[in-house]
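Engineer: The structure is given below, and queries will be raised subsequently.
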Amino acid sequence: MNNLLVLPFLIPFAVGAILILFSKHIGLQRFLSGLTAMLMLGVAIYLLSVVRTEGVVVLEVGSWSAPFGIVLVADLFAAIMVLMSAIVGLLCLFFAFRTIAPEREKFYFYPFYFFLLTGVNGAFLTGDIFNLFVFFEVMLISSYVLIVMGGTNYQLRESLKYVVMNIFASILFIATMAFTYAVTGTLNMAQLAERVAELEQVGVLNVIAMFYFIVFGMKGALFPLYFWLPRSYYGPPAAVAALFGGLLTKVGIYAIIRTFTLIFPHNQEFTQPILIWVGAITIVIGGLGAVSNFDFKRILSYHIVSQVGYMVIGLGLYTSLAIAAAIYYIVHNIIVKTALFLYAGTAQRITGTTDLKQMGGLLKTHPLLGWMFFITGIAIAGIPPFSGFVSKLSLVVSSFETEQYAVGGIALAVGMLTLFSMIKIFMYVFWGEQKHTKAQGKTKVGDLLLPAIPLVILTTVLGVAAQPILSFFLEASNQLLDPSIYIDSVLKGGGA
Amino acid sequence: MKRQVRASNLMLHSITRVVTFILLAFSIYLFFAGHNSPGGGFIGGLMTASALLLMYLGFDMKRIKKALPFNFTTMIAVGLLVALFTGVSSMLFGYPFLTQFFDYYDLPVLGNTELSTALPFDLGIYLVVVAIALTIILAIAEDDS
Amino acid sequence: MEILMSITVGVLFMVGTYLLLTKSLLRIVLGLILLSHGAHFLLLTMSGLQSGTPPLLNLNSEAYADPLPQALVLTALVISFGMTSFLLVLSYRTYKAFKTDDLEQLRGSADE
């Protein structure tokens, strides 16, 4: 028993509720929320260190023992994800202080921001499928509010599609859980894993596994179900787009990795090719979308789609190195993508647009922004010594090791597309003639770039210190590949 | 279309006056019945909300606002905090989050009664449900321009 | 009884899917509502409908009902209640902003 596990989602939930009371006091809201985000970062770091030293940590909520009550479980992967959400949550919050309009701040921006983090952290930590659904919904309903907040016509129209899409996915999730319960008689992930391994109805289990894949794939923006993402991430303010782009799709990917390593590794000849090829197609489609667009935010959104594919391929290859690469990719992507969206917001603040053709010459007036973008851009394209290189390298290596040459080739080729689209942004936005006015050129953006600086440092550190970090992620992936560790600590060691 | 006091709505008025109290009483019964039999914070809350809504329907908005001077958004926050605090309180004594306790007490009037920590939790839910249901419906109704 | 419930679920899913595929906003919302009802019924039915006492040991019964599906359905219901009301308000606002509920006109071009 360790109540530490509750804190990552209890703190934001409580603070969100308190902040509702102070909706008119912006200063107080900012102070409280900044303090909370820092506290969450501290808790996340402490949680990671505890999990690192003590192994999987389990909490049986309400003292109901494991298969009956809800359990919270933190293994290394979950703890890493909680840490990432704390980092992104903190930095986007500081960006929001400077960019969100006061009307939105008064209109419960901060409470919903923290409810979103509640859902995200809860989804990472829960050990129960139904509880996962509940935390997904907490996350989604806050995301609906954040994405529509401000209420421009574009936002209304696009978020309507986002909401309908996600509600449909939730309904599918409920139906899938019904099937799961009918076949196995449990929704506790550990017990589910045990029973799935014993059951011999492979056909039914395959169907259920694919249902989960579709449900989480919708949230993670995988190939046939990605179409909502580029449009709906275009509307909301930059701080929200950065938080969504960095974090939300990764929650879906986290759920896919969790279910397919823990519960459904039963029939890999069937599932792995699907995972790999869906991932590969997602990469290509996202890459092509990024190349064909001429809008800062849209290009970044298509990159999210593309990069989600790499993570799923990592899972599909299903070797220790490949899953470590997938984790590396998630961490790298969260950091880099958040930073890129923050730059997009900053550039929009300066020029008032995100259309590449109406921008230009920002490097002259805002060199810091330009070079920070340059570093992050080549990091995402996978150029050493930044984090993208290591993750892509280990993914490609493991695809060659498992003799999936075509997938490795696609991953490399689309890397070129990513690089191309990043260079496109750099050329249009930062080189060329200055298209913004002199007054716009004098806009001070130092305080906007401040939250992005830690992200640039992190991507560099992740790239330079690749050896220890990769071996740490290998530890996490070995834990994922051996479900018995998870199962034993939930069903046998729990409650101790 | 403006919402005005419709004097002719005598029927609705007089029925509302009676039915509201029955509904409120029943909702309180449901609230306390929860736990081991059908009922609980959610259902009780919805019942209360429907009673209040009936009042909004029967009379005009301004008058009800004067009679019920609550800020429903604050009520949501308070409800959430009450429920949360009940969950956290078990943590303070070293038990897992949300562990519940109960015991039997001899209370005046009520006799031997079971008191459990699930009750304040339910109270929080009750407040949240009432407030949310009314917020949603009033938000749509007030937009009627 | 399970068969009847299954048929009900099937009909709900069928009608819901049909409504979801139409072009009117309100019908889509109604379709989602029906679909979620179908999913809730499914969740309730899937463990088998049982007639037993509540699972409390002091009742000394021979057959106990499985409490889990009921708890799950209650939770799912509450969630879909919230979602539906949000969706209704959102589509109402969209309707007012665009003066139409035809999805063809709400499609929007790719770049604007």
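Scheme for the structure tokens: letters A, B, ... for chains in order shown; per-chain residue numbers from 1; ligand numbers from 1 in order shown.
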Sort by chain and increasing residue number a table of all residues of chain C within 6 Å of chain A, each with its closest pair of atoms and their distance in Å to one decimal, counting only C-alpha atoms, and write it as JSON lines.
Structural biologist:
{"residue": "C:Ser36", "atom": "CA", "partner": "A:Ile171", "partner_atom": "CA", "distance": 5.6}
{"residue": "C:Ala39", "atom": "CA", "partner": "A:Ala175", "partner_atom": "CA", "distance": 5.1}
{"residue": "C:Leu43", "atom": "CA", "partner": "A:Ala178", "partner_atom": "CA", "distance": 4.4}
{"residue": "C:Met46", "atom": "CA", "partner": "A:Ala182", "partner_atom": "CA", "distance": 5.1}
{"residue": "C:Ser47", "atom": "CA", "partner": "A:Ala182", "partner_atom": "CA", "distance": 5.1}
{"residue": "C:Thr94", "atom": "CA", "partner": "A:Leu156", "partner_atom": "CA", "distance": 5.8}
Engineer: What would the file look like if the residues just selected were written as an mmCIF file, in the first residue's frame with all heavy atoms?
Structural biologist:
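Below is the file that was written, result21.cif:
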data_model
loop_
_atom_site.group_PDB
_atom_site.id
_atom_site.type_symbol
_atom_site.label_atom_id
_atom_site.label_comp_id
_atom_site.auth_asym_id
_atom_site.auth_seq_id
_atom_site.Cartn_x
_atom_site.Cartn_y
_atom_site.Cartn_z
ATOM 1 N N SER C 36 -25.369 5.008 -27.170
ATOM 2 C CA SER C 36 -24.858 4.840 -25.809
ATOM 3 C C SER C 36 -25.828 4.014 -24.982
ATOM 4 O O SER C 36 -25.404 3.196 -24.161
ATOM 5 C CB SER C 36 -24.574 6.189 -25.161
ATOM 6 O OG SER C 36 -25.758 6.872 -24.922
ATOM 7 N N ALA C 39 -25.062 0.503 -25.822
ATOM 8 C CA ALA C 39 -23.833 0.037 -25.173
ATOM 9 C C ALA C 39 -24.082 -0.257 -23.698
ATOM 10 O O ALA C 39 -23.572 -1.237 -23.155
ATOM 11 C CB ALA C 39 -22.734 1.080 -25.337
ATOM 12 N N LEU C 43 -23.635 -3.777 -21.761
ATOM 13 C CA LEU C 43 -22.802 -3.951 -20.571
ATOM 14 C C LEU C 43 -23.581 -4.674 -19.478
ATOM 15 O O LEU C 43 -23.048 -5.517 -18.764
ATOM 16 C CB LEU C 43 -22.359 -2.569 -20.084
ATOM 17 C CG LEU C 43 -21.263 -2.477 -19.042
ATOM 18 C CD1 LEU C 43 -20.034 -3.182 -19.536
ATOM 19 C CD2 LEU C 43 -20.933 -1.032 -18.761
ATOM 20 N N MET C 46 -24.273 -8.524 -20.698
ATOM 21 C CA MET C 46 -23.200 -9.412 -21.085
ATOM 22 C C MET C 46 -22.789 -10.407 -20.007
ATOM 23 O O MET C 46 -22.305 -11.480 -20.300
ATOM 24 C CB MET C 46 -21.985 -8.608 -21.519
ATOM 25 C CG MET C 46 -21.946 -8.400 -22.994
ATOM 26 S SD MET C 46 -22.136 -9.958 -23.829
ATOM 27 C CE MET C 46 -21.893 -9.506 -25.501
ATOM 28 N N SER C 47 -22.976 -10.032 -18.740
ATOM 29 C CA SER C 47 -22.588 -10.990 -17.710
ATOM 30 C C SER C 47 -23.731 -11.954 -17.414
ATOM 31 O O SER C 47 -23.647 -12.767 -16.515
ATOM 32 C CB SER C 47 -22.186 -10.243 -16.442
ATOM 33 O OG SER C 47 -23.279 -9.506 -15.994
ATOM 34 N N THR C 94 -23.403 25.718 -32.042
ATOM 35 C CA THR C 94 -22.951 25.649 -33.430
ATOM 36 C C THR C 94 -24.084 26.021 -34.372
ATOM 37 O O THR C 94 -23.894 26.766 -35.334
ATOM 38 C CB THR C 94 -22.473 24.228 -33.751
ATOM 39 O OG1 THR C 94 -21.643 23.790 -32.702
ATOM 40 C CG2 THR C 94 -21.710 24.192 -35.048
#
Engineer: I need the chain C residues near chain B as a tab-separated table (two decimals) with all heavy atoms, in the first residue's frame; criterion: at most 12 Å, counting only C-alpha atoms.
Structural biologist:
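Wrote result-v9.tsv, looks like this:
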chain	number	residue	atom	x	y	z
C	53	THR	N	-30.19	-12.26	-4.66
C	53	THR	CA	-30.23	-11.17	-3.70
C	53	THR	C	-29.00	-10.29	-3.91
C	53	THR	O	-28.05	-10.70	-4.55
C	53	THR	CB	-30.22	-11.71	-2.26
C	53	THR	OG1	-29.12	-12.61	-2.16
C	53	THR	CG2	-31.51	-12.42	-1.96
C	54	PRO	N	-29.04	-9.09	-3.34
C	54	PRO	CA	-27.83	-8.25	-3.38
C	54	PRO	C	-26.68	-9.00	-2.72
C	54	PRO	O	-26.91	-9.80	-1.80
C	54	PRO	CB	-28.23	-7.02	-2.59
C	54	PRO	CG	-29.70	-6.98	-2.62
C	54	PRO	CD	-30.16	-8.38	-2.74
C	55	PRO	N	-25.48	-8.78	-3.16
C	55	PRO	CA	-24.34	-9.54	-2.63
C	55	PRO	C	-23.95	-9.08	-1.24
C	55	PRO	O	-22.87	-8.55	-1.03
C	55	PRO	CB	-23.24	-9.27	-3.66
C	55	PRO	CG	-23.59	-7.96	-4.23
C	55	PRO	CD	-25.07	-7.85	-4.21
C	56	LEU	N	-24.83	-9.26	-0.28
C	56	LEU	CA	-24.51	-8.93	1.10
C	56	LEU	C	-24.58	-10.23	1.90
C	56	LEU	O	-25.57	-10.96	1.83
C	56	LEU	CB	-25.53	-7.93	1.65
C	56	LEU	CG	-25.56	-6.59	0.92
C	56	LEU	CD1	-26.74	-5.76	1.41
C	56	LEU	CD2	-24.27	-5.84	1.13
C	58	ASN	N	-25.02	-11.00	4.95
C	58	ASN	CA	-25.99	-11.24	6.01
C	58	ASN	C	-27.34	-11.67	5.48
C	58	ASN	O	-28.23	-12.02	6.23
C	58	ASN	CB	-26.13	-10.00	6.90
C	58	ASN	CG	-26.62	-8.81	6.09
C	58	ASN	OD1	-26.75	-8.90	4.88
C	58	ASN	ND2	-26.88	-7.71	6.78
C	59	LEU	N	-27.52	-11.65	4.14
C	59	LEU	CA	-28.81	-12.06	3.58
C	59	LEU	C	-28.92	-13.58	3.49
C	59	LEU	O	-30.00	-14.10	3.23
C	59	LEU	CB	-29.01	-11.43	2.21
C	59	LEU	CG	-29.16	-9.91	2.24
C	59	LEU	CD1	-29.28	-9.36	0.84
C	59	LEU	CD2	-30.37	-9.50	3.06
C	67	PRO	N	-22.85	-7.70	-8.71
C	67	PRO	CA	-23.07	-6.26	-8.59
C	67	PRO	C	-22.26	-5.43	-9.58
C	67	PRO	O	-22.56	-4.28	-9.82
C	67	PRO	CB	-22.60	-5.96	-7.16
C	67	PRO	CG	-21.56	-6.98	-6.91
C	67	PRO	CD	-21.95	-8.20	-7.67
C	70	GLN	N	-23.89	-3.63	-12.68
C	70	GLN	CA	-24.77	-2.52	-12.30
C	70	GLN	C	-23.97	-1.29	-11.94
C	70	GLN	O	-24.30	-0.17	-12.33
C	70	GLN	CB	-25.65	-2.95	-11.14
C	70	GLN	CG	-26.48	-4.15	-11.50
C	70	GLN	CD	-27.16	-4.76	-10.31
C	70	GLN	OE1	-27.41	-4.08	-9.33
C	70	GLN	NE2	-27.47	-6.04	-10.40
C	71	ALA	N	-22.88	-1.53	-11.20
C	71	ALA	CA	-22.02	-0.40	-10.84
C	71	ALA	C	-21.43	0.22	-12.10
C	71	ALA	O	-21.39	1.44	-12.25
C	71	ALA	CB	-20.92	-0.87	-9.91
C	74	LEU	N	-24.06	2.19	-14.01
C	74	LEU	CA	-24.39	3.45	-13.36
C	74	LEU	C	-23.33	4.49	-13.69
C	74	LEU	O	-23.64	5.63	-14.07
C	74	LEU	CB	-24.50	3.24	-11.85
C	74	LEU	CG	-24.97	4.48	-11.10
C	74	LEU	CD1	-26.37	4.83	-11.53
C	74	LEU	CD2	-24.91	4.27	-9.62
C	75	THR	N	-22.06	4.09	-13.57
C	75	THR	CA	-20.97	5.02	-13.87
C	75	THR	C	-21.03	5.47	-15.33
C	75	THR	O	-20.94	6.66	-15.63
C	75	THR	CB	-19.63	4.33	-13.60
C	75	THR	OG1	-19.71	3.66	-12.35
C	75	THR	CG2	-18.52	5.33	-13.57
C	77	LEU	N	-23.53	5.50	-17.29
C	77	LEU	CA	-24.71	6.35	-17.50
C	77	LEU	C	-24.43	7.78	-17.11
C	77	LEU	O	-24.76	8.71	-17.84
C	77	LEU	CB	-25.86	5.83	-16.65
C	77	LEU	CG	-26.87	4.91	-17.33
C	77	LEU	CD1	-27.88	4.47	-16.30
C	77	LEU	CD2	-27.55	5.65	-18.44
C	78	VAL	N	-23.83	7.94	-15.92
C	78	VAL	CA	-23.56	9.29	-15.44
C	78	VAL	C	-22.64	10.00	-16.43
C	78	VAL	O	-22.86	11.17	-16.79
C	78	VAL	CB	-22.92	9.23	-14.04
C	78	VAL	CG1	-22.51	10.61	-13.61
C	78	VAL	CG2	-23.88	8.65	-13.05
C	79	ILE	N	-21.62	9.27	-16.88
C	79	ILE	CA	-20.69	9.89	-17.82
C	79	ILE	C	-21.40	10.28	-19.11
C	79	ILE	O	-21.25	11.39	-19.60
C	79	ILE	CB	-19.52	8.93	-18.10
C	79	ILE	CG1	-18.65	8.81	-16.87
C	79	ILE	CG2	-18.70	9.41	-19.27
C	79	ILE	CD1	-17.58	7.78	-16.98
C	81	PHE	N	-24.47	10.88	-19.52
C	81	PHE	CA	-25.37	12.00	-19.23
C	81	PHE	C	-24.62	13.32	-19.40
C	81	PHE	O	-25.09	14.24	-20.08
C	81	PHE	CB	-25.90	11.84	-17.80
C	81	PHE	CG	-26.57	13.04	-17.22
C	81	PHE	CD1	-27.81	13.46	-17.68
C	81	PHE	CD2	-25.97	13.75	-16.20
C	81	PHE	CE1	-28.42	14.57	-17.13
C	81	PHE	CE2	-26.58	14.86	-15.65
C	81	PHE	CZ	-27.80	15.27	-16.12
C	82	GLY	N	-23.45	13.39	-18.79
C	82	GLY	CA	-22.66	14.62	-18.92
C	82	GLY	C	-22.26	14.90	-20.35
C	82	GLY	O	-22.38	16.02	-20.85
C	83	MET	N	-21.79	13.86	-21.01
C	83	MET	CA	-21.33	14.02	-22.39
C	83	MET	C	-22.47	14.49	-23.29
C	83	MET	O	-22.29	15.38	-24.12
C	83	MET	CB	-20.82	12.68	-22.93
C	83	MET	CG	-19.57	12.20	-22.28
C	83	MET	SD	-18.19	13.25	-22.70
C	83	MET	CE	-16.97	12.56	-21.62
C	84	THR	N	-23.64	13.85	-23.10
C	84	THR	CA	-24.76	14.20	-23.96
C	84	THR	C	-25.18	15.63	-23.76
C	84	THR	O	-25.43	16.36	-24.73
C	84	THR	CB	-25.95	13.27	-23.67
C	84	THR	OG1	-25.49	11.94	-23.66
C	84	THR	CG2	-27.02	13.43	-24.70
C	85	SER	N	-25.22	16.07	-22.48
C	85	SER	CA	-25.67	17.44	-22.28
C	85	SER	C	-24.64	18.42	-22.86
C	85	SER	O	-25.01	19.44	-23.45
C	85	SER	CB	-25.93	17.72	-20.80
C	85	SER	OG	-24.96	17.14	-20.01
C	86	PHE	N	-23.35	18.07	-22.72
C	86	PHE	CA	-22.34	18.94	-23.33
C	86	PHE	C	-22.52	18.99	-24.84
C	86	PHE	O	-22.49	20.06	-25.45
C	86	PHE	CB	-20.94	18.44	-22.98
C	86	PHE	CG	-19.85	19.30	-23.52
C	86	PHE	CD1	-19.44	20.42	-22.83
C	86	PHE	CD2	-19.24	19.02	-24.73
C	86	PHE	CE1	-18.46	21.24	-23.33
C	86	PHE	CE2	-18.26	19.83	-25.23
C	86	PHE	CZ	-17.87	20.95	-24.54
C	87	LEU	N	-22.74	17.83	-25.42
C	87	LEU	CA	-22.88	17.75	-26.88
C	87	LEU	C	-24.09	18.54	-27.34
C	87	LEU	O	-24.04	19.26	-28.35
C	87	LEU	CB	-23.00	16.29	-27.30
C	87	LEU	CG	-23.08	16.05	-28.79
C	87	LEU	CD1	-21.82	16.53	-29.45
C	87	LEU	CD2	-23.28	14.59	-29.07
C	88	LEU	N	-25.19	18.44	-26.57
C	88	LEU	CA	-26.39	19.18	-26.94
C	88	LEU	C	-26.13	20.68	-26.95
C	88	LEU	O	-26.48	21.38	-27.90
C	88	LEU	CB	-27.53	18.85	-25.97
C	88	LEU	CG	-28.37	17.64	-26.32
C	88	LEU	CD1	-29.31	17.34	-25.19
C	88	LEU	CD2	-29.15	17.91	-27.59
C	89	VAL	N	-25.50	21.16	-25.88
C	89	VAL	CA	-25.23	22.59	-25.80
C	89	VAL	C	-24.30	23.01	-26.93
C	89	VAL	O	-24.50	24.03	-27.60
C	89	VAL	CB	-24.63	22.96	-24.43
C	89	VAL	CG1	-24.25	24.41	-24.40
C	89	VAL	CG2	-25.62	22.67	-23.34
C	90	LEU	N	-23.30	22.19	-27.17
C	90	LEU	CA	-22.33	22.52	-28.21
C	90	LEU	C	-23.00	22.57	-29.58
C	90	LEU	O	-22.78	23.51	-30.37
C	90	LEU	CB	-21.21	21.49	-28.23
C	90	LEU	CG	-20.10	21.75	-29.23
C	90	LEU	CD1	-19.40	23.04	-28.90
C	90	LEU	CD2	-19.11	20.61	-29.23
C	91	SER	N	-23.87	21.59	-29.86
C	91	SER	CA	-24.48	21.61	-31.19
C	91	SER	C	-25.49	22.75	-31.30
C	91	SER	O	-25.67	23.33	-32.37
C	91	SER	CB	-25.12	20.27	-31.52
C	91	SER	OG	-25.72	19.72	-30.41
C	92	TYR	N	-26.10	23.08	-30.17
C	92	TYR	CA	-27.01	24.23	-30.18
C	92	TYR	C	-26.24	25.51	-30.50
C	92	TYR	O	-26.66	26.32	-31.33
C	92	TYR	CB	-27.69	24.31	-28.81
C	92	TYR	CG	-28.58	25.51	-28.63
C	92	TYR	CD1	-29.73	25.66	-29.38
C	92	TYR	CD2	-28.26	26.49	-27.70
C	92	TYR	CE1	-30.54	26.77	-29.22
C	92	TYR	CE2	-29.05	27.60	-27.52
C	92	TYR	CZ	-30.19	27.73	-28.28
C	92	TYR	OH	-30.99	28.82	-28.13
C	93	ARG	N	-25.10	25.68	-29.83
C	93	ARG	CA	-24.27	26.87	-30.10
C	93	ARG	C	-23.80	26.89	-31.55
C	93	ARG	O	-23.80	27.93	-32.21
C	93	ARG	CB	-23.06	26.89	-29.17
C	93	ARG	CG	-23.35	27.35	-27.77
C	93	ARG	CD	-23.60	28.85	-27.71
C	93	ARG	NE	-22.53	29.62	-28.31
C	93	ARG	CZ	-21.43	29.97	-27.69
C	93	ARG	NH1	-21.27	29.63	-26.44
C	93	ARG	NH2	-20.50	30.67	-28.30
C	96	LYS	N	-26.56	27.94	-33.73
C	96	LYS	CA	-26.83	29.38	-33.68
C	96	LYS	C	-25.75	30.17	-34.41
C	96	LYS	O	-26.03	31.18	-35.04
C	96	LYS	CB	-26.90	29.84	-32.22
C	96	LYS	CG	-28.18	29.45	-31.56
C	96	LYS	CD	-28.38	30.16	-30.26
C	96	LYS	CE	-28.93	31.55	-30.46
C	96	LYS	NZ	-29.36	32.16	-29.22
Engineer: Have a look at CA of Ile375 in chain A and CA of Leu417 in chain A and let me know their distance in Å, one decimal.
Structural biologist: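 A separation of 17.1 Å between them.
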Engineer: Can you check which residues of chain B have any atom within 7 Å of chain A? Use only C-alpha atoms and format it as a list in words.
Structural biologist: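 My answer is Thr74, Ala77, Leu80, Leu81, Pro96, Phe97, Leu98, Thr99 and Gln100 of chain B.
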Engineer: Please provide as a count of residues only all residues within 10 Å of Asn71 in chain B, with the sequence filter that same-chain residues fewer than 5 positions apart are discarded (counting only C-alpha atoms).
Structural biologist: 4
Engineer: Need the shell around Ile281 in chain A: protein/DNA/RNA residues with any atom at most 10 Å away, counting only C-alpha atoms. Skip same-chain ones fewer than 2 positions apart. Format as a list of chain:residue names?
Structural biologist: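 These residues fall inside the cut-off: A:Leu222, A:Phe223, A:Pro224, A:Ile276, A:Trp277, A:Val278, A:Gly279, A:Ile283, A:Val284, A:Ile285, A:Gly286, A:Gly287, A:Ser306, A:Gly309, A:Val407, A:Ile410.
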Engineer: Among range 60-108 of chain C, which residues does DSSP mark as helix (DSSP H, G or I) when it is run on the backbone? Keep the chain and numbering as in the structure and answer as a count of residues only.
Structural biologist: 32
Engineer: Would you pick out the contacts of range 376-387 of chain A at 9 Å or less, using only C-alpha atoms, so that residues sharing its chain but fewer than 3 positions from it are not included, and give the list as a VMD selection string?
Structural biologist: chain A and resid 328 to 329 332 to 333 336 to 337 339 to 340 371 to 373 390 to 393 415 to 420 422 to 423 426 455 to 456 458 to 464 466
Engineer: With only C-alpha atoms as the counted atoms, please give the residues lying no more than 8 Å from Ser301 in chain A, apart from itself and same-chain residues fewer than 5 positions off, as a list in words.
Structural biologist: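 Here the answer would be Leu229, Pro230, Tyr233, Tyr234, Gly245 and Ala290 of chain A.
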Engineer: Restrict the selected residues to C-alpha atoms and save them as a short mmCIF file (atom, residue, chain, number, x, y, z; two decimals), in the first residue's frame.
Structural biologist:
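For reference, selection-v3.cif as written:
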data_model
loop_
_atom_site.label_atom_id
_atom_site.label_comp_id
_atom_site.auth_asym_id
_atom_site.auth_seq_id
_atom_site.Cartn_x
_atom_site.Cartn_y
_atom_site.Cartn_z
CA LEU A 229 -6.65 15.74 -35.41
CA PRO A 230 -5.11 18.29 -37.81
CA TYR A 233 -5.76 21.12 -33.08
CA TYR A 234 -5.70 24.15 -35.33
CA GLY A 245 -0.28 17.88 -29.16
CA ALA A 290 2.93 17.59 -43.32
#
Engineer: Between A:Gly127, A:Gly441, A:Gly360, A:Gly446, which has the minimum distance to Ile263 in chain A (counting only C-alpha atoms)?
Structural biologist: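 Using only C-alpha atoms, the shortest distance to Ile263 in chain A belongs to A:Gly127.
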